[in-house]
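Everything below concerns the one structure shown next.
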2 protein chains.
Amino acid sequence: RPRLEPKTGLQLTFEFRSRHEEAVASQQITDFFGKNVKRVLFVPYALHDRDAYTQTARVKFLSLGYEVDGIHEAADPVEAVRKAEAIFIGGGNTFRLLKNLYDNRVLLEIRRRVLEEGVPYMGSSAGTNVATVSISTTNDMPIVFPPSFAAIGLVPFNINPHYLDPDPTSRHMGETREQRISQYHEEVDTLVLALREGCMLLVEGDRATLLGSTHARLFSRGKSCVEFAPGSDLSFLLTAAH
Amino acid sequence: RPRLEPKTGLQLTFEFRSRHEEAVASQQITDFFGKNVKRVLFVPYALHDRDAYTQTARVKFLSLGYEVDGIHEAADPVEAVRKAEAIFIGGGNTFRLLKNLYDNRVLLEIRRRVLEEGVPYMGSSAGTNVATVSISTTNDMPIVFPPSFAAIGLVPFNINPHYLDPDPTSRHMGETREQRISQYHEEVDTLVLALREGCMLLVEGDRATLLGSTHARLFSRGKSCVEFAPGSDLSFLLTAAH
Ligand SMILES: [Ca+2]
Ligand SMILES: [Ca+2]
């Protein structure tokens with residue numbers, strides 16, 4: 001497994017299914033942020049109750065030794081991003097999150113701080129979707145209308161979080177997740193990395209590694225999808241030309 | 001059960017789970033369109049392969065005695081709507097469907113023909129979503145960016161098609177359908193009628209009736225949701241003030 005190099009890239013995490021997974025993830029968070037980070041800028045835009053969500057995050061991060069600032073508590077959110085030592089964007093509704101990133105004009109500043117200044121970025125669920133090319137492979141409902149589906153673009157591919165394998169016993173007539181992703185590939189050819197519950201993707205500079213406890217699935221337009229086990233080197237996803 | 005009054009309103013249908021359901025639905029389609037309708041304008045915009053989708057619909061409607069014109073086959077789609085005896089919008093991806101309705105400038109003309117001239121409108125799945133206030137309660141992936149989420153607005157509420165009850169055994173960490181709809185109600189107060197597989201909603205003038213074989217569920221902001229059995233009179237949904 002590649003050495004963790006905090007403050008040089010971004011990490012995408014998900015919710016955890018067990019205490020063990022949570023303990024492993026806690027270790028990965030501290031490894032990722034490293035010793036120089038004392039405060040984490042938390043972005044609760046994906047949920048309606050920002051204060052409650054920030055409080056939950058605050059308790060969790062305090063247990064790991066980090067102070068938390070809620071971006072919505074700052075008089076100037078862009079300035080808060082400018083000063084952030086690390087950024088964590090939590091989950092909820094992806095459309096609401098992206099709209100709030102645009103409305104508060106922080107999207108480009110987050111991108112600049114992470115890609116140009118190496119500020120560590122960590123996201124969960126919707127916070128993962130917005131780190132990619134676009135939110136076009138979210139599972140969430142379009143409850144609000146953002147000015148665009150284009151996202152922060154920290155990586156040159158898209159992610160489908162909470163990936164679900166087709167259930168052969170289902171009588172549900174809606175599309176399977178796989179069918180939905182293949183409809184996306186009828187429109188554009190951006191790669192889609194589908195992360196099952198328990199997956200994590202670690203990106204440091206030009207290196208990407210699959211972490212966690214479950215396999216991920218890569219969908220490419222016009223090709224069969226490919227499974228990757230935890231520990232897989234996915235650095236090829238970071239090169240512009242696939 | 002109220003008498004069917006073809007050509008005075010709109011009908012929203014869904015996919016069928018059995019031959020029996022399909023036979024019942026076939027009868028309802030012919031009852032709804034009635035004897036004066038000979039040709040149905042089929043809108044295949046929700047799927048990528050419009051020709052194949054139209055061919056499927058053509059075979060089905062021919063078996064019921066109707067000719068089918070694909071809207072994409074017309075030189076002028078607005079003119080095709082203007083001349084339509086009946087309109088059927090099929091399912092697929094709701095974002096793609098709505099974007100195509102806007103791009104082809106047929107959205108307002110469909111609205112006008114149905115609401116002002118009583119042309120029967122029937123929709124399935126995505127074709128149901130676009131008949132409502134907005135597509136904000138679709139389950140589909142946002143694979144393309146429409147200019148708005150506002151839809152045809154044939155009824156003053158929203159629909160969640162293919163409604164799924166929460167699965168207590170699931171380890172999936174994404175939101176349940178119920179949670180997603182309640183996130184929608186954190187933003188706006190439009191009523192959401194959730195239709196399980198097998199539900200149909202028949203709207204004729206100022207009368208709305210639940211048909212089909214399964215219960216529907218009504219979500220209102222800040223209230224408990226309410227279940228309705230097949231045969232229920234849902235006309236109260238059509239009044240502007242709820
Ligand atoms: Ca979500
Ligand atoms: Ca669909």
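Going by the structure tokens order, chains are called A, B, ..., each with residues numbered from 1, while ligands are numbered from 1 in the order shown.
For region 62-102 of chain B, backbone-based DSSP labels the following residues as alpha helix (DSSP H): Leu62, Ser63, Pro77, Val78, Glu79, Ala80, Val81, Arg82, Lys83, Thr94, Phe95, Arg96, Leu97, Leu98, Lys99, Asn100, Leu101 and Tyr102 of chain B.
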>> Around ligand 1, which protein and nucleic acid residues have at least one atom no more than 6 Å from it, if we count only C-alpha atoms and all ligand atoms? List them as number ranges by chain.
In response: A: 91-94, 126, 140; B: 174-175
When the cut-off is 6 Å and we count only C-alpha atoms, which residues of chain A are near chain B, given as a PDB file with all heavy atoms, in the first residue's frame?
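File produced: part.pdb:
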ATOM      1  N   SER A 136     -23.241  14.627 -12.317  1.00  0.00           N
ATOM      2  CA  SER A 136     -24.151  13.881 -13.196  1.00  0.00           C
ATOM      3  C   SER A 136     -24.316  12.413 -12.830  1.00  0.00           C
ATOM      4  O   SER A 136     -25.174  11.741 -13.396  1.00  0.00           O
ATOM      5  CB  SER A 136     -23.692  13.982 -14.645  1.00  0.00           C
ATOM      6  OG  SER A 136     -24.022  15.247 -15.162  1.00  0.00           O
ATOM      7  N   THR A 137     -23.504  11.899 -11.919  1.00  0.00           N
ATOM      8  CA  THR A 137     -23.684  10.504 -11.508  1.00  0.00           C
ATOM      9  C   THR A 137     -24.002  10.400 -10.017  1.00  0.00           C
ATOM     10  O   THR A 137     -23.722   9.375  -9.391  1.00  0.00           O
ATOM     11  CB  THR A 137     -22.462   9.634 -11.876  1.00  0.00           C
ATOM     12  OG1 THR A 137     -21.277  10.276 -11.383  1.00  0.00           O
ATOM     13  CG2 THR A 137     -22.356   9.471 -13.382  1.00  0.00           C
ATOM     14  N   MET A 141     -31.879  13.280  -5.346  1.00  0.00           N
ATOM     15  CA  MET A 141     -32.997  13.919  -6.030  1.00  0.00           C
ATOM     16  C   MET A 141     -32.667  15.375  -6.322  1.00  0.00           C
ATOM     17  O   MET A 141     -32.091  16.068  -5.485  1.00  0.00           O
ATOM     18  CB  MET A 141     -34.219  13.915  -5.108  1.00  0.00           C
ATOM     19  CG  MET A 141     -35.180  12.832  -5.421  1.00  0.00           C
ATOM     20  SD  MET A 141     -36.642  13.028  -4.398  1.00  0.00           S
ATOM     21  CE  MET A 141     -37.323  11.403  -4.681  1.00  0.00           C
ATOM     22  N   PRO A 142     -33.094  15.858  -7.498  1.00  0.00           N
ATOM     23  CA  PRO A 142     -32.794  17.248  -7.889  1.00  0.00           C
ATOM     24  C   PRO A 142     -33.728  18.248  -7.204  1.00  0.00           C
ATOM     25  O   PRO A 142     -34.515  18.923  -7.855  1.00  0.00           O
ATOM     26  CB  PRO A 142     -33.002  17.212  -9.403  1.00  0.00           C
ATOM     27  CG  PRO A 142     -34.042  16.143  -9.613  1.00  0.00           C
ATOM     28  CD  PRO A 142     -33.762  15.098  -8.557  1.00  0.00           C
ATOM     29  N   ILE A 143     -33.606  18.346  -5.869  1.00  0.00           N
ATOM     30  CA  ILE A 143     -34.556  19.143  -5.078  1.00  0.00           C
ATOM     31  C   ILE A 143     -34.388  20.639  -5.295  1.00  0.00           C
ATOM     32  O   ILE A 143     -35.311  21.406  -5.020  1.00  0.00           O
ATOM     33  CB  ILE A 143     -34.459  18.794  -3.576  1.00  0.00           C
ATOM     34  CG1 ILE A 143     -33.055  19.091  -3.022  1.00  0.00           C
ATOM     35  CG2 ILE A 143     -34.833  17.337  -3.334  1.00  0.00           C
ATOM     36  CD1 ILE A 143     -32.963  18.962  -1.494  1.00  0.00           C
ATOM     37  N   TYR A 184     -25.851   7.527 -18.790  1.00  0.00           N
ATOM     38  CA  TYR A 184     -24.900   8.648 -18.736  1.00  0.00           C
ATOM     39  C   TYR A 184     -23.881   8.522 -19.870  1.00  0.00           C
ATOM     40  O   TYR A 184     -23.554   9.514 -20.539  1.00  0.00           O
ATOM     41  CB  TYR A 184     -24.215   8.668 -17.369  1.00  0.00           C
ATOM     42  CG  TYR A 184     -23.122   9.693 -17.227  1.00  0.00           C
ATOM     43  CD1 TYR A 184     -23.394  11.057 -17.297  1.00  0.00           C
ATOM     44  CD2 TYR A 184     -21.798   9.297 -17.014  1.00  0.00           C
ATOM     45  CE1 TYR A 184     -22.387  11.997 -17.165  1.00  0.00           C
ATOM     46  CE2 TYR A 184     -20.786  10.234 -16.869  1.00  0.00           C
ATOM     47  CZ  TYR A 184     -21.086  11.582 -16.948  1.00  0.00           C
ATOM     48  OH  TYR A 184     -20.078  12.511 -16.812  1.00  0.00           O
TER      49      TYR A 184
END
>> Residues of region 186-230 of chain B classed as strand (DSSP E) by DSSP on the backbone are to be reported as number ranges by chain.
In response: B: 192-196, 199-204, 207-212, 216-219, 226-228
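Considering the residues A:Ala52, A:Ala57, A:Leu41, A:Val114 and counting only C-alpha atoms, Asp69 (chain A) has its shortest atom-to-atom contact with A:Leu41.
Taking only C-alpha atoms and all ligand atoms into account, ligand 2 lies nearest to B:Asn160 out of the set B:Asn104, B:Asn160, B:Gln55, B:Ser26.
For the choices A:Val133, A:Gly70, A:Tyr45, A:Gly212, the atom-to-atom distance to Tyr102 (chain A) is smallest for A:Tyr45 when using only C-alpha atoms.
Shortest atom-to-atom contact with ligand 2 among B:Met200, B:Val130, B:Leu191, B:Leu238: B:Val130, counting only C-alpha atoms and all ligand atoms.
The environment of region 73-86 of chain A within 7 Å, counting only C-alpha atoms and disregarding residues fewer than 5 places along the same chain, consists of Val37, Arg39, Val40, Leu41, Asn104, Arg105, Val106, Glu109, Ile110, Val119, Pro120 and Tyr121 of chain A.
Here CA of Glu227 (chain B) and CA of Thr214 (chain B) stand 10.2 Å from one another.
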>> So, with only C-alpha atoms and all ligand atoms as the atoms that count, which of A:Val59, A:Val68, A:Thr176, A:Gly127 lies closest to ligand 2?
In response: A:Thr176
